[in-house]
Amino acid sequence: GVRVTAAATPHHFSLDHARCRDYSPLFKTNPPLREADDLNAIAEGLADGTLDAIATDHAPHSATEKEYQFDQAPFGVTGLETALAVGITYLVKTGLLDLGQLVSCLSERPARALNLPVGRLEEGAEADFVLFDPDREWTVRADGFQSRSANSPYVGQTLTGRVLASPAGRGEVIT
């Protein structure tokens with residue numbers, strides 16, 4: 001009778017532990033990156049609903065902190081600004097999820113798990129949406145983040161799916 005929810009992070013369904021071979025702190029996460037089979041199991045769990053949501057586990061750190069040696073560097077990556085594109089690139093383009101399932105994993109399903117009245121677009125609801133181009137390719141650049149940090153394992157990688165605008169905290173639109 002206990003209510004249980006579970007989520008996965010973009011870096012745990014797109015990157016395996018082989019990325020840590022050169023000990024780059026950009027790939028140091030907690031829990032650590034796992035085997036390729038684990039990535040597939042996460043994708044299956046998102047597709048069949050075993051996993052409720054995709055959570056970014058957004059853990060920004062300064063460039064200085066992530067310059068430490070692997071064992072001294074803090075755990076975590078910046079994940080908020082790349083989550084949708086990583087999902088499209090690694091889940092939708094590969095056929096593991098369709099675009100509707102991905103959007104649900106990022107919006108409606110986490111809202112439902114937390115009993116929040118968001119993640120829906122309907123009359124009278126809070127403006128809760130993101131405008132994006134699911135086919136637009138872009139290269140992740142450290143100087144392109146809105147966040148105060150750019151400790152992303154995707155820097156230099158070309159992803160598909162670009163957020164164009166979303167409502168900011170006070171009603172303005174960010175692009």
# chains A, B, ... in the order shown; residues from 1 in each chain; ligands from 1
>>> residues_around(residues="Arg19 (chain A)", least_positions_apart="3", cutoff="10 Å", atoms="only C-alpha atoms", output="MDAnalysis selection string")
chainID A and resid 15:16 22:24 26:28 33:34 153
>>> select_by_dssp(residues="chain A", states="strand (DSSP E)", output="PDB file with all heavy atoms, in the first residue's frame")
ATOM      1  N   ALA A   7      12.226   7.818 -10.968  1.00  0.00           N
ATOM      2  CA  ALA A   7      12.590   8.652 -12.107  1.00  0.00           C
ATOM      3  C   ALA A   7      13.968   8.250 -12.610  1.00  0.00           C
ATOM      4  O   ALA A   7      14.740   7.597 -11.907  1.00  0.00           O
ATOM      5  CB  ALA A   7      12.593  10.121 -11.705  1.00  0.00           C
ATOM      6  N   ALA A   8      14.258   8.653 -13.825  1.00  0.00           N
ATOM      7  CA  ALA A   8      15.575   8.435 -14.425  1.00  0.00           C
ATOM      8  C   ALA A   8      16.104   9.777 -14.900  1.00  0.00           C
ATOM      9  O   ALA A   8      15.335  10.700 -15.166  1.00  0.00           O
ATOM     10  CB  ALA A   8      15.459   7.475 -15.601  1.00  0.00           C
ATOM     11  N   ALA A  53       9.069   9.202 -14.424  1.00  0.00           N
ATOM     12  CA  ALA A  53       9.449  10.494 -14.969  1.00  0.00           C
ATOM     13  C   ALA A  53      10.917  10.558 -15.333  1.00  0.00           C
ATOM     14  O   ALA A  53      11.713   9.711 -14.938  1.00  0.00           O
ATOM     15  CB  ALA A  53       9.155  11.575 -13.925  1.00  0.00           C
ATOM     16  N   ILE A  54      11.248  11.606 -16.059  1.00  0.00           N
ATOM     17  CA  ILE A  54      12.633  11.987 -16.295  1.00  0.00           C
ATOM     18  C   ILE A  54      12.888  13.215 -15.428  1.00  0.00           C
ATOM     19  O   ILE A  54      12.174  14.207 -15.512  1.00  0.00           O
ATOM     20  CB  ILE A  54      12.887  12.318 -17.778  1.00  0.00           C
ATOM     21  CG1 ILE A  54      12.696  11.058 -18.628  1.00  0.00           C
ATOM     22  CG2 ILE A  54      14.289  12.910 -17.962  1.00  0.00           C
ATOM     23  CD1 ILE A  54      12.726  11.313 -20.115  1.00  0.00           C
ATOM     24  N   LEU A 131       7.900  25.698 -25.972  1.00  0.00           N
ATOM     25  CA  LEU A 131       7.875  25.657 -27.428  1.00  0.00           C
ATOM     26  C   LEU A 131       9.227  25.115 -27.878  1.00  0.00           C
ATOM     27  O   LEU A 131      10.273  25.616 -27.459  1.00  0.00           O
ATOM     28  CB  LEU A 131       7.648  27.041 -28.016  1.00  0.00           C
ATOM     29  CG  LEU A 131       6.331  27.725 -27.643  1.00  0.00           C
ATOM     30  CD1 LEU A 131       6.305  29.139 -28.200  1.00  0.00           C
ATOM     31  CD2 LEU A 131       5.150  26.924 -28.148  1.00  0.00           C
ATOM     32  N   PHE A 132       9.196  24.093 -28.712  1.00  0.00           N
ATOM     33  CA  PHE A 132      10.460  23.519 -29.165  1.00  0.00           C
ATOM     34  C   PHE A 132      10.327  22.987 -30.580  1.00  0.00           C
ATOM     35  O   PHE A 132       9.232  22.698 -31.058  1.00  0.00           O
ATOM     36  CB  PHE A 132      10.941  22.416 -28.220  1.00  0.00           C
ATOM     37  CG  PHE A 132      10.066  21.189 -28.180  1.00  0.00           C
ATOM     38  CD1 PHE A 132      10.367  20.081 -28.963  1.00  0.00           C
ATOM     39  CD2 PHE A 132       8.963  21.130 -27.353  1.00  0.00           C
ATOM     40  CE1 PHE A 132       9.575  18.946 -28.915  1.00  0.00           C
ATOM     41  CE2 PHE A 132       8.163  20.002 -27.289  1.00  0.00           C
ATOM     42  CZ  PHE A 132       8.470  18.907 -28.075  1.00  0.00           C
ATOM     43  N   ASP A 133      11.464  22.891 -31.233  1.00  0.00           N
ATOM     44  CA  ASP A 133      11.547  22.316 -32.568  1.00  0.00           C
ATOM     45  C   ASP A 133      12.173  20.937 -32.408  1.00  0.00           C
ATOM     46  O   ASP A 133      13.368  20.823 -32.118  1.00  0.00           O
ATOM     47  CB  ASP A 133      12.417  23.204 -33.458  1.00  0.00           C
ATOM     48  CG  ASP A 133      12.556  22.667 -34.881  1.00  0.00           C
ATOM     49  OD1 ASP A 133      12.256  21.479 -35.122  1.00  0.00           O
ATOM     50  OD2 ASP A 133      12.998  23.448 -35.750  1.00  0.00           O
ATOM     51  N   PRO A 134      11.404  19.862 -32.576  1.00  0.00           N
ATOM     52  CA  PRO A 134      11.921  18.516 -32.330  1.00  0.00           C
ATOM     53  C   PRO A 134      12.952  18.051 -33.358  1.00  0.00           C
ATOM     54  O   PRO A 134      13.641  17.060 -33.125  1.00  0.00           O
ATOM     55  CB  PRO A 134      10.673  17.637 -32.382  1.00  0.00           C
ATOM     56  CG  PRO A 134       9.731  18.380 -33.250  1.00  0.00           C
ATOM     57  CD  PRO A 134       9.998  19.841 -32.990  1.00  0.00           C
ATOM     58  N   ASP A 135      13.081  18.777 -34.473  1.00  0.00           N
ATOM     59  CA  ASP A 135      14.003  18.364 -35.530  1.00  0.00           C
ATOM     60  C   ASP A 135      15.254  19.228 -35.618  1.00  0.00           C
ATOM     61  O   ASP A 135      16.170  18.904 -36.379  1.00  0.00           O
ATOM     62  CB  ASP A 135      13.293  18.388 -36.890  1.00  0.00           C
ATOM     63  CG  ASP A 135      12.104  17.446 -36.925  1.00  0.00           C
ATOM     64  OD1 ASP A 135      12.256  16.288 -36.483  1.00  0.00           O
ATOM     65  OD2 ASP A 135      11.020  17.875 -37.366  1.00  0.00           O
ATOM     66  N   ARG A 136      15.304  20.289 -34.849  1.00  0.00           N
ATOM     67  CA  ARG A 136      16.435  21.218 -34.949  1.00  0.00           C
ATOM     68  C   ARG A 136      17.673  20.636 -34.263  1.00  0.00           C
ATOM     69  O   ARG A 136      17.637  20.309 -33.078  1.00  0.00           O
ATOM     70  CB  ARG A 136      16.080  22.561 -34.331  1.00  0.00           C
ATOM     71  CG  ARG A 136      17.168  23.584 -34.486  1.00  0.00           C
ATOM     72  CD  ARG A 136      16.673  24.929 -34.084  1.00  0.00           C
ATOM     73  NE  ARG A 136      17.763  25.871 -34.016  1.00  0.00           N
ATOM     74  CZ  ARG A 136      17.653  27.076 -33.517  1.00  0.00           C
ATOM     75  NH1 ARG A 136      16.485  27.501 -33.047  1.00  0.00           N
ATOM     76  NH2 ARG A 136      18.682  27.876 -33.485  1.00  0.00           N
ATOM     77  N   GLU A 137      18.757  20.545 -35.010  1.00  0.00           N
ATOM     78  CA  GLU A 137      20.016  20.083 -34.445  1.00  0.00           C
ATOM     79  C   GLU A 137      20.805  21.282 -33.930  1.00  0.00           C
ATOM     80  O   GLU A 137      20.748  22.368 -34.500  1.00  0.00           O
ATOM     81  CB  GLU A 137      20.832  19.328 -35.490  1.00  0.00           C
ATOM     82  CG  GLU A 137      20.227  17.990 -35.849  1.00  0.00           C
ATOM     83  CD  GLU A 137      21.130  17.157 -36.738  1.00  0.00           C
ATOM     84  OE1 GLU A 137      22.122  17.684 -37.290  1.00  0.00           O
ATOM     85  OE2 GLU A 137      20.830  15.959 -36.882  1.00  0.00           O
ATOM     86  N   TRP A 138      21.506  21.063 -32.849  1.00  0.00           N
ATOM     87  CA  TRP A 138      22.352  22.111 -32.275  1.00  0.00           C
ATOM     88  C   TRP A 138      23.504  21.473 -31.524  1.00  0.00           C
ATOM     89  O   TRP A 138      23.420  20.326 -31.095  1.00  0.00           O
ATOM     90  CB  TRP A 138      21.536  23.042 -31.370  1.00  0.00           C
ATOM     91  CG  TRP A 138      20.886  22.372 -30.195  1.00  0.00           C
ATOM     92  CD1 TRP A 138      19.802  21.518 -30.220  1.00  0.00           C
ATOM     93  CD2 TRP A 138      21.261  22.469 -28.833  1.00  0.00           C
ATOM     94  NE1 TRP A 138      19.498  21.089 -28.956  1.00  0.00           N
ATOM     95  CE2 TRP A 138      20.375  21.667 -28.069  1.00  0.00           C
ATOM     96  CE3 TRP A 138      22.264  23.166 -28.150  1.00  0.00           C
ATOM     97  CZ2 TRP A 138      20.468  21.537 -26.691  1.00  0.00           C
ATOM     98  CZ3 TRP A 138      22.344  23.038 -26.776  1.00  0.00           C
ATOM     99  CH2 TRP A 138      21.449  22.240 -26.062  1.00  0.00           C
ATOM    100  N   THR A 139      24.575  22.207 -31.409  1.00  0.00           N
ATOM    101  CA  THR A 139      25.752  21.714 -30.699  1.00  0.00           C
ATOM    102  C   THR A 139      25.810  22.381 -29.336  1.00  0.00           C
ATOM    103  O   THR A 139      25.726  23.609 -29.226  1.00  0.00           O
ATOM    104  CB  THR A 139      27.035  22.001 -31.503  1.00  0.00           C
ATOM    105  OG1 THR A 139      26.915  21.343 -32.772  1.00  0.00           O
ATOM    106  CG2 THR A 139      28.265  21.479 -30.774  1.00  0.00           C
ATOM    107  N   THR A 158      26.451  17.206 -30.707  1.00  0.00           N
ATOM    108  CA  THR A 158      25.292  17.679 -31.448  1.00  0.00           C
ATOM    109  C   THR A 158      24.081  16.869 -31.019  1.00  0.00           C
ATOM    110  O   THR A 158      24.108  15.639 -31.048  1.00  0.00           O
ATOM    111  CB  THR A 158      25.514  17.557 -32.963  1.00  0.00           C
ATOM    112  OG1 THR A 158      26.642  18.376 -33.316  1.00  0.00           O
ATOM    113  CG2 THR A 158      24.284  18.017 -33.746  1.00  0.00           C
ATOM    114  N   LEU A 159      23.041  17.582 -30.586  1.00  0.00           N
ATOM    115  CA  LEU A 159      21.791  16.967 -30.147  1.00  0.00           C
ATOM    116  C   LEU A 159      20.672  17.406 -31.075  1.00  0.00           C
ATOM    117  O   LEU A 159      20.788  18.414 -31.772  1.00  0.00           O
ATOM    118  CB  LEU A 159      21.461  17.379 -28.706  1.00  0.00           C
ATOM    119  CG  LEU A 159      22.483  17.011 -27.633  1.00  0.00           C
ATOM    120  CD1 LEU A 159      22.076  17.618 -26.290  1.00  0.00           C
ATOM    121  CD2 LEU A 159      22.629  15.506 -27.519  1.00  0.00           C
ATOM    122  N   THR A 160      19.577  16.688 -31.050  1.00  0.00           N
ATOM    123  CA  THR A 160      18.407  17.030 -31.843  1.00  0.00           C
ATOM    124  C   THR A 160      17.278  17.426 -30.905  1.00  0.00           C
ATOM    125  O   THR A 160      17.027  16.738 -29.910  1.00  0.00           O
ATOM    126  CB  THR A 160      17.958  15.842 -32.710  1.00  0.00           C
ATOM    127  OG1 THR A 160      19.034  15.464 -33.559  1.00  0.00           O
ATOM    128  CG2 THR A 160      16.746  16.221 -33.563  1.00  0.00           C
ATOM    129  N   GLY A 161      16.599  18.539 -31.252  1.00  0.00           N
ATOM    130  CA  GLY A 161      15.496  19.046 -30.448  1.00  0.00           C
ATOM    131  C   GLY A 161      15.953  20.274 -29.694  1.00  0.00           C
ATOM    132  O   GLY A 161      16.796  20.183 -28.809  1.00  0.00           O
ATOM    133  N   ARG A 162      15.407  21.402 -30.052  1.00  0.00           N
ATOM    134  CA  ARG A 162      15.867  22.660 -29.452  1.00  0.00           C
ATOM    135  C   ARG A 162      14.690  23.411 -28.841  1.00  0.00           C
ATOM    136  O   ARG A 162      13.688  23.669 -29.511  1.00  0.00           O
ATOM    137  CB  ARG A 162      16.524  23.530 -30.517  1.00  0.00           C
ATOM    138  CG  ARG A 162      17.116  24.804 -30.010  1.00  0.00           C
ATOM    139  CD  ARG A 162      18.352  24.525 -29.205  1.00  0.00           C
ATOM    140  NE  ARG A 162      19.093  25.748 -29.023  1.00  0.00           N
ATOM    141  CZ  ARG A 162      19.921  25.968 -28.031  1.00  0.00           C
ATOM    142  NH1 ARG A 162      20.138  25.026 -27.147  1.00  0.00           N
ATOM    143  NH2 ARG A 162      20.565  27.078 -27.914  1.00  0.00           N
ATOM    144  N   VAL A 163      14.820  23.751 -27.562  1.00  0.00           N
ATOM    145  CA  VAL A 163      13.817  24.582 -26.909  1.00  0.00           C
ATOM    146  C   VAL A 163      13.919  25.982 -27.499  1.00  0.00           C
ATOM    147  O   VAL A 163      15.007  26.552 -27.584  1.00  0.00           O
ATOM    148  CB  VAL A 163      14.020  24.610 -25.376  1.00  0.00           C
ATOM    149  CG1 VAL A 163      13.101  25.634 -24.725  1.00  0.00           C
ATOM    150  CG2 VAL A 163      13.783  23.226 -24.784  1.00  0.00           C
ATOM    151  N   LEU A 164      12.774  26.537 -27.898  1.00  0.00           N
ATOM    152  CA  LEU A 164      12.744  27.875 -28.471  1.00  0.00           C
ATOM    153  C   LEU A 164      12.287  28.909 -27.456  1.00  0.00           C
ATOM    154  O   LEU A 164      12.761  30.038 -27.451  1.00  0.00           O
ATOM    155  CB  LEU A 164      11.827  27.908 -29.697  1.00  0.00           C
ATOM    156  CG  LEU A 164      12.166  26.889 -30.784  1.00  0.00           C
ATOM    157  CD1 LEU A 164      11.097  26.917 -31.870  1.00  0.00           C
ATOM    158  CD2 LEU A 164      13.550  27.142 -31.349  1.00  0.00           C
ATOM    159  N   ALA A 165      11.353  28.528 -26.596  1.00  0.00           N
ATOM    160  CA  ALA A 165      10.835  29.453 -25.585  1.00  0.00           C
ATOM    161  C   ALA A 165      10.093  28.687 -24.517  1.00  0.00           C
ATOM    162  O   ALA A 165       9.557  27.600 -24.763  1.00  0.00           O
ATOM    163  CB  ALA A 165       9.893  30.476 -26.224  1.00  0.00           C
ATOM    164  N   SER A 166      10.064  29.262 -23.318  1.00  0.00           N
ATOM    165  CA  SER A 166       9.275  28.719 -22.218  1.00  0.00           C
ATOM    166  C   SER A 166       8.923  29.866 -21.302  1.00  0.00           C
ATOM    167  O   SER A 166       9.645  30.858 -21.245  1.00  0.00           O
ATOM    168  CB  SER A 166      10.044  27.617 -21.471  1.00  0.00           C
ATOM    169  OG  SER A 166      11.139  28.162 -20.814  1.00  0.00           O
ATOM    170  N   PRO A 167       7.809  29.752 -20.563  1.00  0.00           N
ATOM    171  CA  PRO A 167       7.464  30.834 -19.660  1.00  0.00           C
ATOM    172  C   PRO A 167       8.454  30.870 -18.497  1.00  0.00           C
ATOM    173  O   PRO A 167       8.789  29.833 -17.951  1.00  0.00           O
ATOM    174  CB  PRO A 167       6.052  30.497 -19.189  1.00  0.00           C
ATOM    175  CG  PRO A 167       5.881  29.054 -19.460  1.00  0.00           C
ATOM    176  CD  PRO A 167       6.827  28.690 -20.565  1.00  0.00           C
ATOM    177  N   VAL A 173       9.064  35.441 -21.385  1.00  0.00           N
ATOM    178  CA  VAL A 173       9.453  34.280 -22.186  1.00  0.00           C
ATOM    179  C   VAL A 173      10.956  34.267 -22.328  1.00  0.00           C
ATOM    180  O   VAL A 173      11.567  35.283 -22.646  1.00  0.00           O
ATOM    181  CB  VAL A 173       8.784  34.326 -23.586  1.00  0.00           C
ATOM    182  CG1 VAL A 173       9.287  33.198 -24.461  1.00  0.00           C
ATOM    183  CG2 VAL A 173       7.273  34.254 -23.449  1.00  0.00           C
ATOM    184  N   ILE A 174      11.561  33.114 -22.063  1.00  0.00           N
ATOM    185  CA  ILE A 174      12.993  32.984 -22.278  1.00  0.00           C
ATOM    186  C   ILE A 174      13.216  32.260 -23.595  1.00  0.00           C
ATOM    187  O   ILE A 174      12.401  31.433 -24.001  1.00  0.00           O
ATOM    188  CB  ILE A 174      13.685  32.232 -21.133  1.00  0.00           C
ATOM    189  CG1 ILE A 174      13.114  30.832 -20.957  1.00  0.00           C
ATOM    190  CG2 ILE A 174      13.584  33.000 -19.831  1.00  0.00           C
ATOM    191  CD1 ILE A 174      13.891  29.985 -19.970  1.00  0.00           C
TER     192      ILE A 174
END
>>> atom_distance(atom1="CA of Glu44 (chain A)", atom2="CA of Gly95 (chain A)")
11.1 Å
>>> atom_distance(atom1="CA of Phe13 (chain A)", atom2="CA of Ala85 (chain A)")
12.6 Å
>>> closest_residue(among="A:Phe70, A:Phe129, A:Phe145, A:Phe75", to="Val103 (chain A)", atoms="only C-alpha atoms")
A:Phe129
>>> closest_residue(among="A:Pro74, A:Gly79, A:Pro60, A:Pro117", to="Arg148 (chain A)", atoms="only C-alpha atoms")
A:Pro60
>>> residues_around(residues="Ala113 (chain A)", least_positions_apart="3", cutoff="9 Å", atoms="only C-alpha atoms", output="VMD selection string")
chain A and resid 4 to 6 52 to 53 108 to 110 116
>>> write_last_selection(atoms="N, CA and C atoms", output="compact mmCIF listing (two decimals), in the first residue's frame")
# COMPACT_ATOMS: atom_id res chain seq x y z
N VAL A 4 4.92 4.46 -4.38
CA VAL A 4 6.31 4.56 -4.79
C VAL A 4 6.38 5.21 -6.17
N THR A 5 7.33 6.11 -6.33
CA THR A 5 7.60 6.69 -7.64
C THR A 5 9.07 6.52 -7.95
N ALA A 6 9.40 6.57 -9.22
CA ALA A 6 10.79 6.44 -9.65
C ALA A 6 11.02 7.30 -10.87
N ASP A 52 8.38 6.61 -13.54
CA ASP A 52 7.36 7.64 -13.68
C ASP A 52 7.79 8.84 -14.51
N ALA A 53 9.07 9.20 -14.42
CA ALA A 53 9.45 10.49 -14.97
C ALA A 53 10.92 10.56 -15.33
N GLU A 108 3.72 15.73 -17.67
CA GLU A 108 2.51 15.21 -17.03
C GLU A 108 2.81 14.13 -15.99
N ARG A 109 3.65 13.18 -16.31
CA ARG A 109 3.91 12.08 -15.38
C ARG A 109 4.59 12.54 -14.09
N PRO A 110 5.61 13.41 -14.13
CA PRO A 110 6.16 13.88 -12.86
C PRO A 110 5.16 14.72 -12.07
N LEU A 116 0.75 17.48 -8.48
CA LEU A 116 0.78 18.89 -8.85
C LEU A 116 -0.20 19.14 -9.98
>>> select_by_dssp(residues="region 6-117 of chain A", states="alpha helix (DSSP H)", output="PyMOL selection string")
chain A and resi 10-14+36-48+83-87+99-106+108-113
>>> write_last_selection(atoms="N, CA, C and O atoms", output="CSV table (one decimal), in the first residue's frame")
chain,number,residue,atom,x,y,z
A,10,PRO,N,18.5,12.0,-17.7
A,10,PRO,CA,19.0,12.0,-19.1
A,10,PRO,C,20.4,11.3,-19.2
A,10,PRO,O,20.6,10.5,-20.1
A,11,HIS,N,21.3,11.7,-18.3
A,11,HIS,CA,22.7,11.1,-18.4
A,11,HIS,C,22.7,9.6,-18.1
A,11,HIS,O,23.6,8.9,-18.5
A,12,HIS,N,21.7,9.1,-17.3
A,12,HIS,CA,21.7,7.7,-17.1
A,12,HIS,C,21.0,6.9,-18.1
A,12,HIS,O,21.1,5.6,-18.2
A,13,PHE,N,20.3,7.5,-19.1
A,13,PHE,CA,19.8,6.7,-20.2
A,13,PHE,C,20.5,7.0,-21.5
A,13,PHE,O,20.2,6.5,-22.5
A,14,SER,N,21.5,7.9,-21.4
A,14,SER,CA,22.3,8.2,-22.6
A,14,SER,C,23.8,8.0,-22.6
A,14,SER,O,24.4,7.9,-23.6
A,36,ALA,N,25.8,-0.5,-20.7
A,36,ALA,CA,24.9,-0.2,-21.8
A,36,ALA,C,23.5,-0.9,-21.5
A,36,ALA,O,22.5,-0.4,-21.9
A,37,ASP,N,23.5,-2.1,-21.0
A,37,ASP,CA,22.3,-2.8,-20.7
A,37,ASP,C,21.4,-2.1,-19.7
A,37,ASP,O,20.2,-2.1,-19.8
A,38,ASP,N,22.0,-1.4,-18.8
A,38,ASP,CA,21.3,-0.6,-17.8
A,38,ASP,C,20.6,0.6,-18.5
A,38,ASP,O,19.5,1.0,-18.2
A,39,LEU,N,21.2,1.2,-19.5
A,39,LEU,CA,20.6,2.3,-20.3
A,39,LEU,C,19.4,1.8,-21.0
A,39,LEU,O,18.3,2.5,-21.0
A,40,ASN,N,19.5,0.6,-21.6
A,40,ASN,CA,18.3,0.0,-22.3
A,40,ASN,C,17.2,-0.3,-21.3
A,40,ASN,O,16.0,0.0,-21.6
A,41,ALA,N,17.5,-0.8,-20.1
A,41,ALA,CA,16.5,-1.1,-19.1
A,41,ALA,C,15.8,0.2,-18.6
A,41,ALA,O,14.6,0.2,-18.4
A,42,ILE,N,16.5,1.3,-18.5
A,42,ILE,CA,15.9,2.6,-18.1
A,42,ILE,C,15.0,3.0,-19.2
A,42,ILE,O,13.8,3.5,-18.9
A,43,ALA,N,15.4,2.9,-20.5
A,43,ALA,CA,14.5,3.3,-21.6
A,43,ALA,C,13.2,2.5,-21.6
A,43,ALA,O,12.1,3.0,-21.8
A,44,GLU,N,13.4,1.2,-21.3
A,44,GLU,CA,12.2,0.3,-21.3
A,44,GLU,C,11.3,0.7,-20.1
A,44,GLU,O,10.0,0.7,-20.2
A,45,GLY,N,11.9,1.0,-19.0
A,45,GLY,CA,11.1,1.4,-17.8
A,45,GLY,C,10.3,2.7,-18.1
A,45,GLY,O,9.2,2.9,-17.6
A,46,LEU,N,10.9,3.7,-18.8
A,46,LEU,CA,10.2,4.9,-19.2
A,46,LEU,C,9.1,4.6,-20.1
A,46,LEU,O,8.0,5.1,-20.0
A,47,ALA,N,9.3,3.7,-21.1
A,47,ALA,CA,8.3,3.4,-22.1
A,47,ALA,C,7.1,2.6,-21.5
A,47,ALA,O,6.0,2.9,-21.8
A,48,ASP,N,7.4,1.7,-20.6
A,48,ASP,CA,6.2,0.9,-20.0
A,48,ASP,C,5.6,1.5,-18.8
A,48,ASP,O,4.7,1.0,-18.2
A,83,ALA,N,18.0,18.4,-21.2
A,83,ALA,CA,17.1,17.2,-21.0
A,83,ALA,C,16.2,16.9,-22.2
A,83,ALA,O,16.2,15.7,-22.6
A,84,LEU,N,15.5,17.8,-22.7
A,84,LEU,CA,14.6,17.5,-23.8
A,84,LEU,C,15.4,17.0,-25.0
A,84,LEU,O,15.0,16.0,-25.6
A,85,ALA,N,16.5,17.7,-25.4
A,85,ALA,CA,17.3,17.3,-26.6
A,85,ALA,C,17.9,15.9,-26.4
A,85,ALA,O,18.0,15.1,-27.3
A,86,VAL,N,18.4,15.7,-25.2
A,86,VAL,CA,19.0,14.3,-24.9
A,86,VAL,C,17.9,13.3,-25.0
A,86,VAL,O,18.1,12.2,-25.6
A,87,GLY,N,16.7,13.6,-24.5
A,87,GLY,CA,15.6,12.6,-24.7
A,87,GLY,C,15.2,12.4,-26.1
A,87,GLY,O,15.0,11.2,-26.6
A,99,LEU,N,7.6,10.7,-29.4
A,99,LEU,CA,7.7,12.1,-28.8
A,99,LEU,C,6.7,12.3,-27.7
A,99,LEU,O,7.0,13.0,-26.7
A,100,GLY,N,5.5,11.8,-27.9
A,100,GLY,CA,4.4,12.0,-26.9
A,100,GLY,C,4.8,11.4,-25.6
A,100,GLY,O,4.6,12.0,-24.5
A,101,GLN,N,5.4,10.2,-25.6
A,101,GLN,CA,5.9,9.6,-24.4
A,101,GLN,C,7.0,10.4,-23.7
A,101,GLN,O,6.9,10.5,-22.5
A,102,LEU,N,7.9,10.9,-24.5
A,102,LEU,CA,9.0,11.7,-23.9
A,102,LEU,C,8.4,12.9,-23.3
A,102,LEU,O,8.8,13.3,-22.1
A,103,VAL,N,7.5,13.7,-23.9
A,103,VAL,CA,7.0,14.9,-23.4
A,103,VAL,C,6.2,14.5,-22.1
A,103,VAL,O,6.3,15.3,-21.1
A,104,SER,N,5.5,13.4,-22.1
A,104,SER,CA,4.8,13.0,-20.9
A,104,SER,C,5.7,12.7,-19.7
A,104,SER,O,5.5,13.1,-18.6
A,105,CYS,N,6.9,12.1,-20.0
A,105,CYS,CA,7.9,11.8,-19.0
A,105,CYS,C,8.5,13.1,-18.4
A,105,CYS,O,9.0,13.0,-17.3
A,106,LEU,N,8.5,14.1,-19.2
A,106,LEU,CA,9.1,15.4,-18.7
A,106,LEU,C,8.1,16.3,-18.1
A,106,LEU,O,8.4,17.4,-17.5
A,108,GLU,N,3.7,15.7,-17.7
A,108,GLU,CA,2.5,15.2,-17.0
A,108,GLU,C,2.8,14.1,-16.0
A,108,GLU,O,2.3,14.1,-14.9
A,109,ARG,N,3.7,13.2,-16.3
A,109,ARG,CA,3.9,12.1,-15.4
A,109,ARG,C,4.6,12.5,-14.1
A,109,ARG,O,4.2,12.1,-13.0
A,110,PRO,N,5.6,13.4,-14.1
A,110,PRO,CA,6.2,13.9,-12.9
A,110,PRO,C,5.2,14.7,-12.1
A,110,PRO,O,5.1,14.6,-10.8
A,111,ALA,N,4.4,15.5,-12.8
A,111,ALA,CA,3.3,16.3,-12.1
A,111,ALA,C,2.3,15.4,-11.4
A,111,ALA,O,2.0,15.6,-10.2
A,112,ARG,N,1.9,14.4,-12.1
A,112,ARG,CA,1.0,13.4,-11.5
A,112,ARG,C,1.6,12.7,-10.3
A,112,ARG,O,1.0,12.5,-9.2
A,113,ALA,N,2.9,12.3,-10.4
A,113,ALA,CA,3.5,11.6,-9.3
A,113,ALA,C,3.6,12.5,-8.0
A,113,ALA,O,3.6,12.0,-6.9
>>> atom_distance(atom1="CA of Ala63 (chain A)", atom2="CA of Gly144 (chain A)")
14.1 Å
>>> residues_around(residues="Asn151 (chain A)", least_positions_apart="3", cutoff="9 Å", atoms="only C-alpha atoms", output="NGL selection string")
:A and (25-26 or 59-63 or 66 or 76-79 or 142 or 154-155)
>>> closest_residue(among="A:Val140, A:Cys20, A:Ala125, A:Leu91", to="Asp71 (chain A)", atoms="only C-alpha atoms")
A:Cys20
>>> closest_residue(among="A:Asp128, A:Asp57, A:Glu65, A:Glu81", to="Arg141 (chain A)", atoms="only C-alpha atoms")
A:Glu81
>>> decode(residues="region 69-78 of chain A", atoms="N, CA and C atoms", output="short mmCIF file (atom, residue, chain, number, x, y, z; two decimals), in the first residue's frame")
data_model
loop_
_atom_site.label_atom_id
_atom_site.label_comp_id
_atom_site.auth_asym_id
_atom_site.auth_seq_id
_atom_site.Cartn_x
_atom_site.Cartn_y
_atom_site.Cartn_z
N GLN A 69 40.76 16.77 -9.95
CA GLN A 69 40.89 15.40 -10.40
C GLN A 69 39.59 14.65 -10.12
N PHE A 70 39.35 13.62 -10.87
CA PHE A 70 38.09 12.88 -10.80
C PHE A 70 37.69 12.53 -9.37
N ASP A 71 38.61 12.01 -8.58
CA ASP A 71 38.25 11.58 -7.22
C ASP A 71 38.01 12.75 -6.28
N GLN A 72 38.47 13.95 -6.62
CA GLN A 72 38.28 15.13 -5.78
C GLN A 72 37.10 16.01 -6.23
N ALA A 73 36.70 15.87 -7.47
CA ALA A 73 35.63 16.71 -8.03
C ALA A 73 34.28 16.33 -7.44
N PRO A 74 33.36 17.31 -7.37
CA PRO A 74 32.02 17.00 -6.87
C PRO A 74 31.23 16.16 -7.88
N PHE A 75 30.26 15.42 -7.37
CA PHE A 75 29.36 14.65 -8.22
C PHE A 75 28.36 15.61 -8.87
N GLY A 76 27.89 15.27 -10.07
CA GLY A 76 26.78 15.98 -10.66
C GLY A 76 27.09 16.66 -11.97
N VAL A 77 26.00 16.89 -12.72
CA VAL A 77 26.07 17.54 -14.02
C VAL A 77 24.94 18.56 -14.14
N THR A 78 25.13 19.50 -15.05
CA THR A 78 24.06 20.42 -15.40
C THR A 78 23.16 19.68 -16.39
#
